[in-house]
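Chemist: Just passing along the structure, written as structure tokens.
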Amino acid sequence: MDDGITIRPLQEADAEAVVALYARAGAVEPRLGPVTLPQWNQFLKLPQNRGGRDFRVAERNGRIIGLAESSLRDQGAHHSRFLKIVVAPEVRRRRIGLALLDDVLVIDTDADLAVQTKVSPDWPAGMAFVTAFRFVHIESEIGMKCVEPLQPARTLAAARATIERVSDVTTCAAEVARIHNAAFASDAAFRLYSPEEMAQVLTDSEVWIASEEGQASGFCLTEPEQNSMWIESAAVDPERQGRGLGQVLIYHVLTAHDVSVEHPCWLNVSSRNPAALKIYRRLGFRPQHETCRFSATRGELIASRNRRFH
């Protein structure tokens with residue numbers, strides 16, 4: 001690595017420089033960006049990111065040329081560190097990514113800590129990174145798009161449910177956290193949320209709740225944009241699944257937003273969740289792209305780093 005490059009913790013004042021870095025990287029690897037300043041600031045506010053406390057940047061002559069996004073997620077029985085490294089195209093192959101990784105690996109001490117990262121198959125630099133460090137592919141996130149919602153069969157249970165958008169998210173944060181923690185506990189990307197943390201997450205989302213007899217049974221979190229919308233997360237209480245409630249909830253949200261060719265809806269779903277994939281297909285969603293999730297223990301990464309780079 002160049003002697004003039006330094007690795008340091010992310011600072012609040014770095015926001016615009018990070019957006020500029022994503023713009024340069026995204027011009028070469030479209031899956032990386034762009035990222036707007038509001039999106040970056042919202043990302044940092046997520047509870048698991050802790051304001052970017054464990055993020056690192058590579059800097060040369062006062063210019064940010066690399067970034068390591070690093071967050072420790074509480075997954076209930078254990079923790080996992082989530083990692084993403086972005087390096088400016090003009091300075092690649094100079095071991096900047098390696099230096100960022102080294103700085104992240106010393107944050108923790110547990111050799112068995114799982115480190116996860118996501119890479120699109122059409123991002124050559126990212127795929128080369130996970131190959132070099134012997135990451136194991138554990139699942140894929142399937143990006144799906146809907147332009148013509150298909151109405152699901154209306155079961156008796158779904159017909160009895162009340163579906164509404166919540167104006168005051170603090171009133172439902174505890175129930176959304178409860179359902180989220182139960183429904184996603186086995187997911188590779190699971191993150192355990194307290195009611196207080198979930199309330200923080202919900203402030204930037206549109207929240208829809210499906211209730212039965214006054215009890216929250218499911219939720220759908222959306223992020224409307226000017227020409228499209230995202231379903232960020234959707235789940236039904238495991239004790240109330242299999243009765244068509246999730247399909248009716250999501251269809252209600254799609255029609256409320258007038259989803260069409262001109263205003264499509266996007267979402268990501270795990271390849272390890274065939275039931276959800278089936279539901280989304282029935283609603284009119286079609287696969288568009290794949291992002292692979294890889295995992296390795298901290299000890300394995302250190303060993304790979306020492307074998308390949310000296």
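Each chain in the structure tokens gets a letter, A, B and so on, in the order shown; residues start at 1 in every chain, and ligands are counted from 1 in the order they appear.
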Could you pull out the alpha helix (DSSP H) residues of range 125-291 of chain A from DSSP and send them as a PyMOL selection string?
Modeler: chain A and resi 125-132+156-160+173-183+195-202+245-256+274-282
Chemist: Which residues are close to Ser295 in chain A, i.e. within 6 Å by only C-alpha atoms, leaving aside same-chain residues fewer than 6 positions away? Reply as a list in words.
Modeler: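 The contact residues come out as Val115, Gln116, Phe135 and Val136 of chain A.
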Chemist: Would you pick out the contacts of Thr36 in chain A at 10 Å or less, using only C-alpha atoms, so that residues sharing its chain but fewer than 4 positions from it are not included, and give the list as an MDAnalysis selection string?
Modeler: chainID A and resid 15:16 18:20 22:23 40:42
Chemist: Can I get the selected residues back with C-alpha atoms, as a compact mmCIF listing (two decimals), in the first residue's frame?
Modeler:
```
# COMPACT_ATOMS: atom_id res chain seq x y z
CA ALA A 15 -20.49 12.04 4.61
CA GLU A 16 -20.17 14.01 1.36
CA VAL A 18 -18.34 8.93 1.08
CA VAL A 19 -21.16 9.81 -1.34
CA ALA A 20 -18.52 10.95 -3.85
CA TYR A 22 -19.76 5.67 -4.08
CA ALA A 23 -20.34 7.73 -7.23
CA TRP A 40 -26.10 7.57 3.74
CA ASN A 41 -27.18 9.53 6.80
CA GLN A 42 -30.21 7.25 7.21
```
Chemist: If we count only C-alpha atoms and set the cut-off at 10 Å, which residues sit around Leu21 in chain A, ignoring sequence neighbours fewer than 6 positions away in its own chain? Please answer as an MDAnalysis selection string.
Modeler: chainID A and resid 15 33:35 63:67 86:89
Chemist: Keeping only N, CA, C and O atoms, write those residues as a PDB file, in the first residue's frame.
Modeler:
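Wrote result20.pdb, looks like this:
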```
ATOM      1  N   ALA A  15     -19.296  12.488   5.339  1.00  0.00           N
ATOM      2  CA  ALA A  15     -20.490  12.038   4.614  1.00  0.00           C
ATOM      3  C   ALA A  15     -20.439  12.373   3.121  1.00  0.00           C
ATOM      4  O   ALA A  15     -20.670  11.512   2.265  1.00  0.00           O
ATOM      5  N   GLY A  33     -23.765   1.501  -6.360  1.00  0.00           N
ATOM      6  CA  GLY A  33     -24.312   2.841  -6.098  1.00  0.00           C
ATOM      7  C   GLY A  33     -25.195   3.298  -7.231  1.00  0.00           C
ATOM      8  O   GLY A  33     -25.588   2.499  -8.081  1.00  0.00           O
ATOM      9  N   PRO A  34     -25.486   4.601  -7.223  1.00  0.00           N
ATOM     10  CA  PRO A  34     -24.990   5.632  -6.309  1.00  0.00           C
ATOM     11  C   PRO A  34     -25.738   5.617  -4.968  1.00  0.00           C
ATOM     12  O   PRO A  34     -26.760   4.962  -4.825  1.00  0.00           O
ATOM     13  N   VAL A  35     -25.186   6.383  -4.018  1.00  0.00           N
ATOM     14  CA  VAL A  35     -25.804   6.576  -2.719  1.00  0.00           C
ATOM     15  C   VAL A  35     -25.964   8.075  -2.506  1.00  0.00           C
ATOM     16  O   VAL A  35     -25.013   8.825  -2.708  1.00  0.00           O
ATOM     17  N   ARG A  63      -8.209  13.075   0.795  1.00  0.00           N
ATOM     18  CA  ARG A  63      -9.309  12.554  -0.033  1.00  0.00           C
ATOM     19  C   ARG A  63      -9.594  11.110   0.342  1.00  0.00           C
ATOM     20  O   ARG A  63      -8.666  10.288   0.433  1.00  0.00           O
ATOM     21  N   ILE A  64     -10.856  10.789   0.550  1.00  0.00           N
ATOM     22  CA  ILE A  64     -11.245   9.420   0.893  1.00  0.00           C
ATOM     23  C   ILE A  64     -11.251   8.567  -0.370  1.00  0.00           C
ATOM     24  O   ILE A  64     -11.934   8.884  -1.346  1.00  0.00           O
ATOM     25  N   ILE A  65     -10.467   7.472  -0.334  1.00  0.00           N
ATOM     26  CA  ILE A  65     -10.357   6.600  -1.502  1.00  0.00           C
ATOM     27  C   ILE A  65     -10.796   5.172  -1.184  1.00  0.00           C
ATOM     28  O   ILE A  65     -10.756   4.295  -2.058  1.00  0.00           O
ATOM     29  N   GLY A  66     -11.215   4.933   0.053  1.00  0.00           N
ATOM     30  CA  GLY A  66     -11.680   3.604   0.414  1.00  0.00           C
ATOM     31  C   GLY A  66     -12.541   3.656   1.665  1.00  0.00           C
ATOM     32  O   GLY A  66     -12.417   4.577   2.478  1.00  0.00           O
ATOM     33  N   LEU A  67     -13.443   2.684   1.795  1.00  0.00           N
ATOM     34  CA  LEU A  67     -14.376   2.642   2.921  1.00  0.00           C
ATOM     35  C   LEU A  67     -14.641   1.204   3.313  1.00  0.00           C
ATOM     36  O   LEU A  67     -14.844   0.342   2.451  1.00  0.00           O
ATOM     37  N   VAL A  86     -15.422  -0.799  -0.061  1.00  0.00           N
ATOM     38  CA  VAL A  86     -15.507  -0.080  -1.327  1.00  0.00           C
ATOM     39  C   VAL A  86     -14.197   0.689  -1.529  1.00  0.00           C
ATOM     40  O   VAL A  86     -13.777   1.426  -0.642  1.00  0.00           O
ATOM     41  N   VAL A  87     -13.572   0.501  -2.685  1.00  0.00           N
ATOM     42  CA  VAL A  87     -12.327   1.192  -3.003  1.00  0.00           C
ATOM     43  C   VAL A  87     -12.500   1.936  -4.319  1.00  0.00           C
ATOM     44  O   VAL A  87     -13.088   1.403  -5.271  1.00  0.00           O
ATOM     45  N   ALA A  88     -12.014   3.159  -4.379  1.00  0.00           N
ATOM     46  CA  ALA A  88     -12.119   3.956  -5.598  1.00  0.00           C
ATOM     47  C   ALA A  88     -11.430   3.234  -6.757  1.00  0.00           C
ATOM     48  O   ALA A  88     -10.331   2.688  -6.589  1.00  0.00           O
ATOM     49  N   PRO A  89     -12.054   3.208  -7.941  1.00  0.00           N
ATOM     50  CA  PRO A  89     -11.494   2.446  -9.066  1.00  0.00           C
ATOM     51  C   PRO A  89     -10.064   2.841  -9.429  1.00  0.00           C
ATOM     52  O   PRO A  89      -9.261   1.990  -9.812  1.00  0.00           O
TER      53      PRO A  89
END
```
Chemist: Show me, as a PyMOL selection string, the residues that have an atom within 12 Å of Arg95 in chain A when counting only C-alpha atoms, minus same-chain residues fewer than 3 positions from it.
Modeler: chain A and resi 1-3+5+7+58+65-66+85+87-88+91-92+98-102+129+305+308-310
Chemist: Given only C-alpha atoms as the basis, pick out the residue of A:Ile302, A:Leu150, A:Ala188, A:Ala132 nearest to Gln247 in chain A.
Modeler: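 For Gln247 in chain A, the nearest of the given residues is A:Leu150.
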Chemist: Write out as a PyMOL selection string all residues of range 58-94 of chain A that backbone DSSP assigns to strand (DSSP E).
Modeler: chain A and resi 58-60+63-74+79-87
Chemist: Would you mind exporting the chosen residues as a PDB file, in the first residue's frame, restricted to C-alpha atoms?
Modeler:
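File produced: part14.pdb:
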```
ATOM      1  CA  ALA A  58      -8.712   5.045   3.660  1.00  0.00           C
ATOM      2  CA  GLU A  59      -7.480   8.558   3.010  1.00  0.00           C
ATOM      3  CA  ARG A  60      -4.765  10.031   0.795  1.00  0.00           C
ATOM      4  CA  ARG A  63      -9.309  12.554  -0.033  1.00  0.00           C
ATOM      5  CA  ILE A  64     -11.245   9.420   0.893  1.00  0.00           C
ATOM      6  CA  ILE A  65     -10.357   6.600  -1.502  1.00  0.00           C
ATOM      7  CA  GLY A  66     -11.680   3.604   0.414  1.00  0.00           C
ATOM      8  CA  LEU A  67     -14.376   2.642   2.921  1.00  0.00           C
ATOM      9  CA  ALA A  68     -15.062  -0.356   5.144  1.00  0.00           C
ATOM     10  CA  GLU A  69     -18.644  -0.515   6.417  1.00  0.00           C
ATOM     11  CA  SER A  70     -18.527  -2.709   9.505  1.00  0.00           C
ATOM     12  CA  SER A  71     -21.293  -3.436  11.983  1.00  0.00           C
ATOM     13  CA  LEU A  72     -21.726  -6.016  14.744  1.00  0.00           C
ATOM     14  CA  ARG A  73     -25.190  -7.586  14.772  1.00  0.00           C
ATOM     15  CA  ASP A  74     -26.809  -9.223  17.765  1.00  0.00           C
ATOM     16  CA  HIS A  79     -23.100 -12.168  17.048  1.00  0.00           C
ATOM     17  CA  SER A  80     -21.931 -11.640  13.465  1.00  0.00           C
ATOM     18  CA  ARG A  81     -19.940  -8.830  11.922  1.00  0.00           C
ATOM     19  CA  PHE A  82     -21.250  -7.521   8.606  1.00  0.00           C
ATOM     20  CA  LEU A  83     -18.613  -6.105   6.268  1.00  0.00           C
ATOM     21  CA  LYS A  84     -18.543  -4.211   2.980  1.00  0.00           C
ATOM     22  CA  ILE A  85     -15.414  -2.699   1.426  1.00  0.00           C
ATOM     23  CA  VAL A  86     -15.507  -0.080  -1.327  1.00  0.00           C
ATOM     24  CA  VAL A  87     -12.327   1.192  -3.003  1.00  0.00           C
TER      25      VAL A  87
END
```
Chemist: Write out as a ChimeraX atom specification which residues come within 8 Å of range 253-266 of chain A when counting only C-alpha atoms, dropping same-chain ones fewer than 2 positions away.
Modeler: /A:143-149,208,220,227-231,249-251,268
Chemist: Could you name the residues that touch Val119 in chain A at 6 Å or less, counting only C-alpha atoms, but leaving out those on the same chain fewer than 2 positions away, as a VMD selection string?
Modeler: chain A and resid 126 291 to 292
Chemist: Calculated over only C-alpha atoms, which of the candidates A:Ala159, A:Ile96, A:Val130, A:Ala177 has the smallest distance to Ser304 in chain A?
Modeler: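 Result for the nearest residue to Ser304 in chain A: A:Val130.
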